[in-house]
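Enquirer: The structure under discussion is supplied below as structure tokens; questions concerning it will follow.
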Amino acid sequence: MFRGSLVALVTPMTDAGDVDPVAFGRLLDWHRQQGSDGIVVAGTTGESPTVTAAEVEELLRIAVQRVGGHLPVIAGTGSYSTAEAVERTRAACELGVDGVLVVTPYYNRPTQEGLYRHFSVVADAASVPLILYNVPSRTGCDLLPETVERLASHPQVVGIKEATGDIARGAEILQRCGDDFLLLSGDDLSCRRLVMAGAQGVISVTANVAPGPMHEMMEAALQGDGERAVELDDRLASLHRALFVEANPIPVKWAVARLGRIAAGIRLPLTWLEDAHQEQVLAAMREAGVIEQVRDS
């Protein structure tokens, strides 16, 4: 169910910072048309720390109604509080999502034993497949392969979004957990190489801006067509980099707004992309071949 290019969807907001459900629905339609293989709602790229539980519920209802049965809908339900992650996970499951993505607790930096117990408790509360999410560069917490192996025995834990960009780390996870365990990249810049090493896809920031090319590149990699995958990925490489010139999702929201698909809305403490970086992102969009969709300033 979870393979290919799954987009870590931005949360459209008005200029005033209010969630824009109409624009969100249009984004869902566009990603279905463009070939995205799945939707992640209220992940880090969706500004999960600042969207409220009521807003997430509305977004998930829209997503399930709009693309459910056509694209898998995955809800970001992680928290640094185990009790809160359980509550978010149960709520998402009741709304009919196909899976939940649960990030490692951030800021409080638990031990590996604490991580094992945290994810086990959340998985016990899940009625849909649970995907672990490891992104130590943002959380200050690293879910090690040996702990992933322990968690893989839980019937609800089906895989991991591994965002270290370390291909050797991914290979170790597959070796420990077996081919039936889902490995998804969380790093656009290295996702092609991880898929060629045995992963099943990527949860992508870049796919917000170039959904069709990301889908094509992932398909080529999954089919073992390394030459075609490299060719497609090379066109996207500058975009992969440019979308992290400031903290995600600042650059990607600017880029999607530049495509005319959302308004220029973002929530504090994040701010709109600084002028000094806008030309770099725009140049990367040109190189990726999405410039024809960009409106004039």
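Every chain in the structure tokens takes a letter, A first, then B, and so on in the order presented; its residues are numbered from 1, and the ligands are numbered from 1 following the presented order.
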Restrict the calculation to only C-alpha atoms, then for each residue of range 176-271 of chain A with any atom at most 10 Å from an atom of range 126-140 of chain A give the closest atom pair and their distance in Å to one decimal, rows by chain and rising residue number, as a Markdown table.

Expert:
| residue | atom | partner | partner_atom | distance |
| --- | --- | --- | --- | --- |
| A:Leu182 | CA | A:Ile131 | CA | 8.2 |
| A:Leu183 | CA | A:Ile131 | CA | 9.1 |
| A:Leu184 | CA | A:Ile131 | CA | 9.1 |
| A:Ser185 | CA | A:Tyr133 | CA | 9.7 |
| A:Gly186 | CA | A:Val135 | CA | 7.8 |
| A:Asp187 | CA | A:Val135 | CA | 9.3 |
| A:Ala247 | CA | A:Arg138 | CA | 9.8 |

Enquirer: Using N, CA and C atoms, can you write the selected residues to a file as a PDB file, in the first residue's frame?

Expert:
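Saved result, part.pdb, follows:
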ATOM      1  N   LEU A 182       8.695  -2.336   5.892  1.00  0.00           N
ATOM      2  CA  LEU A 182       8.646  -1.200   4.984  1.00  0.00           C
ATOM      3  C   LEU A 182       9.733  -0.188   5.340  1.00  0.00           C
ATOM      4  N   LEU A 183      10.584   0.103   4.386  1.00  0.00           N
ATOM      5  CA  LEU A 183      11.587   1.149   4.546  1.00  0.00           C
ATOM      6  C   LEU A 183      11.280   2.262   3.560  1.00  0.00           C
ATOM      7  N   LEU A 184      11.003   3.450   4.093  1.00  0.00           N
ATOM      8  CA  LEU A 184      10.755   4.635   3.278  1.00  0.00           C
ATOM      9  C   LEU A 184      11.811   5.679   3.596  1.00  0.00           C
ATOM     10  N   SER A 185      12.322   6.309   2.571  1.00  0.00           N
ATOM     11  CA  SER A 185      13.267   7.397   2.784  1.00  0.00           C
ATOM     12  C   SER A 185      12.526   8.636   3.270  1.00  0.00           C
ATOM     13  N   GLY A 186      13.187   9.388   4.126  1.00  0.00           N
ATOM     14  CA  GLY A 186      12.678  10.686   4.530  1.00  0.00           C
ATOM     15  C   GLY A 186      13.604  11.795   4.086  1.00  0.00           C
ATOM     16  N   ASP A 187      14.446  11.498   3.103  1.00  0.00           N
ATOM     17  CA  ASP A 187      15.458  12.442   2.634  1.00  0.00           C
ATOM     18  C   ASP A 187      15.452  12.443   1.113  1.00  0.00           C
ATOM     19  N   ALA A 247      14.626  26.459   7.074  1.00  0.00           N
ATOM     20  CA  ALA A 247      13.991  25.312   7.726  1.00  0.00           C
ATOM     21  C   ALA A 247      12.720  24.905   6.991  1.00  0.00           C
TER      22      ALA A 247
END

Enquirer: Skip Arg193 in chain A itself and residues of its chain fewer than 4 positions away, then list as a PDB file with N, CA and C atoms, in the first residue's frame all residues within 10 Å of it, counting only C-alpha atoms.

Expert:
ATOM      1  N   GLY A 165      19.400   9.973   5.832  1.00  0.00           N
ATOM      2  CA  GLY A 165      20.147  10.051   4.585  1.00  0.00           C
ATOM      3  C   GLY A 165      21.305   9.079   4.518  1.00  0.00           C
ATOM      4  N   ASP A 166      21.382   8.178   5.471  1.00  0.00           N
ATOM      5  CA  ASP A 166      22.483   7.214   5.577  1.00  0.00           C
ATOM      6  C   ASP A 166      22.052   5.905   4.906  1.00  0.00           C
ATOM      7  N   ILE A 167      22.629   5.609   3.749  1.00  0.00           N
ATOM      8  CA  ILE A 167      22.243   4.405   3.008  1.00  0.00           C
ATOM      9  C   ILE A 167      22.621   3.146   3.784  1.00  0.00           C
ATOM     10  N   SER A 185      12.322   6.309   2.571  1.00  0.00           N
ATOM     11  CA  SER A 185      13.267   7.397   2.784  1.00  0.00           C
ATOM     12  C   SER A 185      12.526   8.636   3.270  1.00  0.00           C
ATOM     13  N   ASP A 188      14.915  13.493   0.510  1.00  0.00           N
ATOM     14  CA  ASP A 188      14.771  13.539  -0.946  1.00  0.00           C
ATOM     15  C   ASP A 188      16.106  13.398  -1.670  1.00  0.00           C
ATOM     16  N   LEU A 189      17.143  13.992  -1.122  1.00  0.00           N
ATOM     17  CA  LEU A 189      18.425  14.022  -1.813  1.00  0.00           C
ATOM     18  C   LEU A 189      19.030  12.630  -1.978  1.00  0.00           C
ATOM     19  N   ALA A 197      18.729   0.502  -3.058  1.00  0.00           N
ATOM     20  CA  ALA A 197      19.312  -0.416  -2.073  1.00  0.00           C
ATOM     21  C   ALA A 197      18.251  -1.281  -1.388  1.00  0.00           C
ATOM     22  N   GLY A 198      16.960  -1.088  -1.756  1.00  0.00           N
ATOM     23  CA  GLY A 198      15.932  -1.970  -1.213  1.00  0.00           C
ATOM     24  C   GLY A 198      14.748  -1.301  -0.552  1.00  0.00           C
ATOM     25  N   ALA A 199      14.759   0.021  -0.402  1.00  0.00           N
ATOM     26  CA  ALA A 199      13.611   0.720   0.179  1.00  0.00           C
ATOM     27  C   ALA A 199      12.435   0.704  -0.800  1.00  0.00           C
ATOM     28  N   ALA A 221      13.248   3.819 -10.143  1.00  0.00           N
ATOM     29  CA  ALA A 221      14.111   3.190  -9.143  1.00  0.00           C
ATOM     30  C   ALA A 221      13.521   1.871  -8.657  1.00  0.00           C
ATOM     31  N   GLY A 226      18.046   1.893 -13.133  1.00  0.00           N
ATOM     32  CA  GLY A 226      18.936   2.837 -12.496  1.00  0.00           C
ATOM     33  C   GLY A 226      19.305   4.010 -13.377  1.00  0.00           C
ATOM     34  N   ALA A 229      16.390   6.393 -13.488  1.00  0.00           N
ATOM     35  CA  ALA A 229      16.208   7.006 -12.180  1.00  0.00           C
ATOM     36  C   ALA A 229      17.245   8.098 -11.927  1.00  0.00           C
ATOM     37  N   VAL A 230      18.492   7.839 -12.314  1.00  0.00           N
ATOM     38  CA  VAL A 230      19.550   8.834 -12.153  1.00  0.00           C
ATOM     39  C   VAL A 230      19.262  10.058 -13.005  1.00  0.00           C
ATOM     40  N   ASP A 233      16.462  11.990 -11.375  1.00  0.00           N
ATOM     41  CA  ASP A 233      16.873  12.546 -10.094  1.00  0.00           C
ATOM     42  C   ASP A 233      17.838  13.711 -10.277  1.00  0.00           C
TER      43      ASP A 233
END

Enquirer: Restricting the calculation to only C-alpha atoms, which member of A:Arg286, A:Gln278, A:Leu28, A:Glu94 is positioned closest to Gln65 in chain A?

Expert: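 For Gln65 in chain A, the nearest of the candidates is A:Leu28.
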
Enquirer: With a distance cut-off of 8 Å and only C-alpha atoms, select the neighbouring residues of Phe181 in chain A, excluding the residue or stretch itself and same-chain residues fewer than 5 positions from it, and output the selection as a ChimeraX atom specification.

Expert: /A:152,158-159,174

Enquirer: Compare A:Asp275, A:Ile262, A:Glu149, A:Thr14 by their minimum atom-to-atom distance to Arg26 in chain A, counting only C-alpha atoms, and give me the closest one.

Expert: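 For Arg26 in chain A, the nearest of the given residues is A:Ile262.
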
Enquirer: Just checking: using only C-alpha atoms, which residue out of A:Gln156, A:Gln33, A:Gln200, A:Asn208 ends up closest to Val100 in chain A?

Expert: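 For Val100 in chain A, the nearest of the given residues is A:Gln156.
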
Enquirer: Any idea what the distance is between CA of Thr206 in chain A and CA of Ala63 in chain A?

Expert: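 These two atoms are separated by 19.7 Å.
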
Enquirer: Using only C-alpha atoms, which residue out of A:Ser238, A:Ser36, A:Ser120, A:Ser190 lies closest to Pro72 in chain A?

Expert: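 Checking each of A:Ser238, A:Ser36, A:Ser120, A:Ser190 against Pro72 in chain A, counting only C-alpha atoms, the winner is A:Ser36.
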
Enquirer: Pick from A:Ala242, A:Gly260, A:Glu113, A:Ile173: nearest to His277 in chain A, with only C-alpha atoms counted?

Expert: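 For His277 in chain A, the nearest of the candidates is A:Ala242.
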
Enquirer: Counting only C-alpha atoms, figure out which residue out of A:Met1, A:Ala163, A:Val103, A:Leu95 gets nearest to Ser48 in chain A.

Expert: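 Between A:Met1, A:Ala163, A:Val103, A:Leu95, the residue approaching Ser48 in chain A most closely is A:Val103.
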
Enquirer: Taking 4 positions as the minimum chain separation for residues in the same chain, which residues sit within 8 Å of Leu60 in chain A when counting only C-alpha atoms? Answer as a PDB file with N, CA and C atoms, in the first residue's frame.

Expert:
ATOM      1  N   VAL A  41      -0.631  13.759   5.870  1.00  0.00           N
ATOM      2  CA  VAL A  41      -1.285  14.964   6.383  1.00  0.00           C
ATOM      3  C   VAL A  41      -0.787  15.246   7.793  1.00  0.00           C
ATOM      4  N   VAL A  56      -6.420  19.537  12.434  1.00  0.00           N
ATOM      5  CA  VAL A  56      -5.965  18.259  11.884  1.00  0.00           C
ATOM      6  C   VAL A  56      -7.163  17.363  11.580  1.00  0.00           C
ATOM      7  N   VAL A  64      -9.606  12.062   3.561  1.00  0.00           N
ATOM      8  CA  VAL A  64     -10.234  10.744   3.434  1.00  0.00           C
ATOM      9  C   VAL A  64     -11.401  10.797   2.460  1.00  0.00           C
ATOM     10  N   ALA A  75      -1.677   9.835   8.455  1.00  0.00           N
ATOM     11  CA  ALA A  75      -1.746  10.969   9.379  1.00  0.00           C
ATOM     12  C   ALA A  75      -0.495  11.026  10.237  1.00  0.00           C
ATOM     13  N   ALA A  92      -7.060   9.787  14.706  1.00  0.00           N
ATOM     14  CA  ALA A  92      -6.833   9.616  13.268  1.00  0.00           C
ATOM     15  C   ALA A  92      -7.403   8.299  12.771  1.00  0.00           C
ATOM     16  N   LEU A  95     -11.015   8.393  12.097  1.00  0.00           N
ATOM     17  CA  LEU A  95     -11.400   9.170  10.925  1.00  0.00           C
ATOM     18  C   LEU A  95     -11.210   8.409   9.622  1.00  0.00           C
ATOM     19  N   VAL A  97      -8.191   6.918   8.349  1.00  0.00           N
ATOM     20  CA  VAL A  97      -6.918   6.992   7.622  1.00  0.00           C
ATOM     21  C   VAL A  97      -6.395   5.584   7.354  1.00  0.00           C
TER      22      VAL A  97
END

Enquirer: Separation of CA of Met285 in chain A and CA of Ala237 in chain A, in Å?

Expert: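 We find that CA of Met285 in chain A and CA of Ala237 in chain A lie 10.3 Å from each other.
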
Enquirer: Figure out the distance between CA of Arg169 in chain A and CA of Gln223 in chain A, please, to one decimal in Å.

Expert: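 For CA of Gln223 in chain A relative to CA of Arg169 in chain A, the distance reads 22.2 Å.
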
Enquirer: List the neighbours of Glu287 in chain A out to 10 Å using only C-alpha atoms; skip same-chain residues closer than 2 positions along the sequence, and give me the result as a list in words.

Expert: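 So, after excluding close chain neighbours, the residues are Asp234, Arg235, Leu236, Ala237, Ser238, Leu239, Val281, Leu282, Ala283, Ala284, Met285, Gly289, Val290 and Ile291 of chain A.
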
Enquirer: For the structure I just gave you, how does DSSP split range 12-137 of chain A - specifically, which residues are alpha helix (DSSP H)? Reply as a ChimeraX atom specification.

Expert: /A:21-34,53-67,82-94,112-125,136-137

Enquirer: What lies within 12 Å of Ala264 in chain A using only C-alpha atoms, ignoring chain neighbours under 4 positions off, as a PyMOL selection string?

Expert: chain A and resi 10-20+23+250-260+271-273
